[in-house]
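Chemist: This is the content of structure_20.cif (mmCIF, C-alpha atoms):
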data_run
#
loop_
_atom_site.group_PDB
_atom_site.id
_atom_site.type_symbol
_atom_site.label_atom_id
_atom_site.label_comp_id
_atom_site.auth_asym_id
_atom_site.auth_seq_id
_atom_site.Cartn_x
_atom_site.Cartn_y
_atom_site.Cartn_z
ATOM 1 C CA MET A 1 56.019 -75.674 105.279
ATOM 2 C CA GLN A 2 55.099 -72.987 107.783
ATOM 3 C CA THR A 3 53.668 -73.639 111.227
ATOM 4 C CA ASN A 4 51.633 -71.304 113.407
ATOM 5 C CA ALA A 5 53.266 -72.522 116.621
ATOM 6 C CA ALA A 6 54.783 -69.801 118.792
ATOM 7 C CA HIS A 7 58.572 -69.610 118.744
ATOM 8 C CA LYS A 8 60.239 -68.201 121.866
ATOM 9 C CA PHE A 9 63.697 -66.679 122.097
ATOM 10 C CA ALA A 10 65.957 -66.623 125.151
ATOM 11 C CA PRO A 11 64.949 -63.725 127.424
ATOM 12 C CA VAL A 12 67.099 -60.686 128.152
ATOM 13 C CA VAL A 13 67.375 -60.526 131.949
ATOM 14 C CA THR A 14 68.840 -58.059 134.454
ATOM 15 C CA ASP A 15 68.438 -58.133 138.253
ATOM 16 C CA ASP A 16 64.873 -56.818 138.215
ATOM 17 C CA LYS A 17 63.799 -56.615 134.535
ATOM 18 C CA ARG A 18 63.177 -59.165 131.842
ATOM 19 C CA ILE A 19 62.320 -58.840 128.148
ATOM 20 C CA ASP A 20 60.767 -61.805 126.349
ATOM 21 C CA LEU A 21 60.302 -62.124 122.592
ATOM 22 C CA LYS A 22 58.171 -64.675 120.820
ATOM 23 C CA ILE A 23 56.810 -65.044 117.320
ATOM 24 C CA GLU A 24 53.135 -65.850 117.026
ATOM 25 C CA GLY A 25 52.074 -66.463 113.447
ATOM 26 C CA GLU A 26 53.319 -63.455 111.486
ATOM 27 C CA ASN A 27 53.685 -61.132 114.489
ATOM 28 C CA ALA A 28 56.356 -60.650 117.134
ATOM 29 C CA ALA A 29 55.307 -60.116 120.757
ATOM 30 C CA ILE A 30 57.717 -58.264 123.064
ATOM 31 C CA SER A 31 56.956 -58.391 126.802
ATOM 32 C CA LEU A 32 58.525 -56.446 129.681
ATOM 33 C CA SER A 33 58.367 -58.070 133.120
ATOM 34 C CA LEU A 34 59.557 -56.794 136.498
ATOM 35 C CA TRP A 35 60.716 -58.931 139.421
ATOM 36 C CA THR A 36 58.511 -58.602 142.495
ATOM 37 C CA ASP A 37 59.589 -60.246 145.750
ATOM 38 C CA GLY A 38 57.074 -62.876 146.759
ATOM 39 C CA LEU A 39 55.481 -62.996 143.290
ATOM 40 C CA GLY A 40 58.310 -63.487 140.815
ATOM 41 C CA TRP A 41 58.192 -62.120 137.258
ATOM 42 C CA CYS A 42 55.139 -59.933 136.637
ATOM 43 C CA THR A 43 54.412 -58.880 133.048
ATOM 44 C CA GLN A 44 53.977 -55.112 132.832
ATOM 45 C CA LYS A 45 53.647 -54.427 129.104
ATOM 46 C CA THR A 46 53.339 -56.405 125.900
ATOM 47 C CA MET A 47 53.663 -55.073 122.343
ATOM 48 C CA THR A 48 52.634 -57.025 119.273
ATOM 49 C CA LEU A 49 54.353 -55.957 116.058
ATOM 50 C CA ASP A 50 53.974 -57.037 112.452
ATOM 51 C CA ALA A 51 57.065 -57.552 110.276
ATOM 52 C CA ASP A 52 57.138 -53.951 108.986
ATOM 53 C CA LEU A 53 56.897 -52.451 112.463
ATOM 54 C CA LEU A 54 59.567 -54.863 113.695
ATOM 55 C CA ASP A 55 61.933 -53.619 110.962
ATOM 56 C CA ASP A 56 61.185 -49.991 111.897
ATOM 57 C CA LEU A 57 61.724 -50.736 115.594
ATOM 58 C CA HIS A 58 65.071 -52.335 114.771
ATOM 59 C CA ARG A 59 66.170 -49.166 112.924
ATOM 60 C CA VAL A 60 65.168 -46.771 115.718
ATOM 61 C CA ILE A 61 66.792 -48.969 118.385
ATOM 62 C CA ALA A 62 70.021 -49.030 116.359
ATOM 63 C CA ALA A 63 69.891 -45.218 116.013
ATOM 64 C CA ALA A 64 69.271 -44.828 119.762
ATOM 65 C CA ARG A 65 72.208 -47.117 120.580
ATOM 66 C CA LEU A 66 74.522 -45.042 118.387
ATOM 67 C CA ARG A 67 73.305 -41.773 119.912
ATOM 68 C CA ILE A 68 73.746 -43.046 123.481
ATOM 69 C CA ARG A 69 77.184 -44.476 122.675
ATOM 70 C CA ASN A 70 78.309 -41.238 120.964
ATOM 71 C CA ASP A 71 76.979 -39.089 123.826
ATOM 72 C CA ALA A 72 78.814 -41.257 126.361
ATOM 73 C CA ASP A 73 82.023 -41.074 124.314
ATOM 74 C CA SER A 74 81.832 -37.277 124.057
ATOM 75 C CA GLU A 75 81.338 -36.950 127.831
ATOM 76 C CA THR A 76 84.360 -39.106 128.623
ATOM 77 C CA SER A 77 86.707 -37.757 125.947
ATOM 78 C CA ASP A 78 89.526 -35.419 126.882
ATOM 79 C CA PRO A 79 88.596 -31.827 125.907
ATOM 80 C CA ALA A 80 92.256 -31.123 125.070
ATOM 81 C CA SER A 81 92.176 -33.754 122.319
ATOM 82 C CA ALA A 82 89.223 -31.984 120.656
ATOM 83 C CA ARG A 83 90.957 -28.624 120.217
ATOM 84 C CA VAL A 84 91.351 -27.304 116.700
ATOM 85 C CA ILE A 85 94.859 -26.147 115.842
ATOM 86 C CA ASN A 86 95.050 -23.440 113.174
ATOM 87 C CA PHE A 87 97.302 -24.055 110.230
ATOM 88 C CA PRO A 88 100.295 -21.728 110.452
ATOM 89 C CA SER A 89 100.431 -18.898 107.946
ATOM 90 C CA PHE A 90 103.739 -17.733 106.512
ATOM 91 C CA ALA A 91 102.803 -14.228 105.385
#
Please render this file's structure as structure tokens.
Modeler:
Amino acid sequence: MQTNAAHKFAPVVTDDKRIDLKIEGENAAISLSLWTDGLGWCTQKTMTLDADLLDDLHRVIAAARLRIRNDADSETSDPASARVINFPSFA
């Protein structure tokens, strides 16, 4: 039995940004809100995605996370540890 009622997930919240996700029928709606003093949370953008687009978004977000993590690791790594040492030749 499937219902068409919207299902909301717990929001992702920082000091001044909030991302909400809810499922409406067969689509997912992702909303970005910003905190405004005196007004509270104000929705800035909303994207509605079908299941295929949601899968594709998941893949590109995962790829972006890996790229950002690898870039951060390469910036903080010790350059001396990345040196290539030639194999000694006994000629």
Chemist: Please report the interatomic distance between atom CA of A:Val13 and atom CA of A:Asp73 in Å with one decimal.
Modeler: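 Distance between the two atoms: 25.5 Å.
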Chemist: Out of A:Glu26, A:Thr14, A:Arg67, A:Asn86, which residue has the shortest atom-to-atom distance to A:Asp50 when counting all atoms listed in the file?
Modeler: A:Glu26
Chemist: Which residues match the PyMOL selection byres ((chain A and resi 27-33) around 9) in the file above, as number ranges by chain?
Modeler: A: 16-26, 34-35, 41-51, 54
Chemist: Separation of atom CA of A:Val12 and atom CA of A:Gly40, in Å?
Modeler: 15.7 Å
Chemist: Take atom CA of A:Pro11 and atom CA of A:Arg65 and report the distance between them in Å, one decimal.
Modeler: 19.4 Å
Chemist: Once 8 Å is added on each side, what centre and edge lengths in Å to one decimal does the axis-aligned box around all listed atoms of stretch 28-41 of chain A have, as AutoDock Vina command-line options?
Modeler:
--center_x 58.0 --center_y -60.0 --center_z 131.9 --size_x 21.4 --size_y 23.0 --size_z 45.6
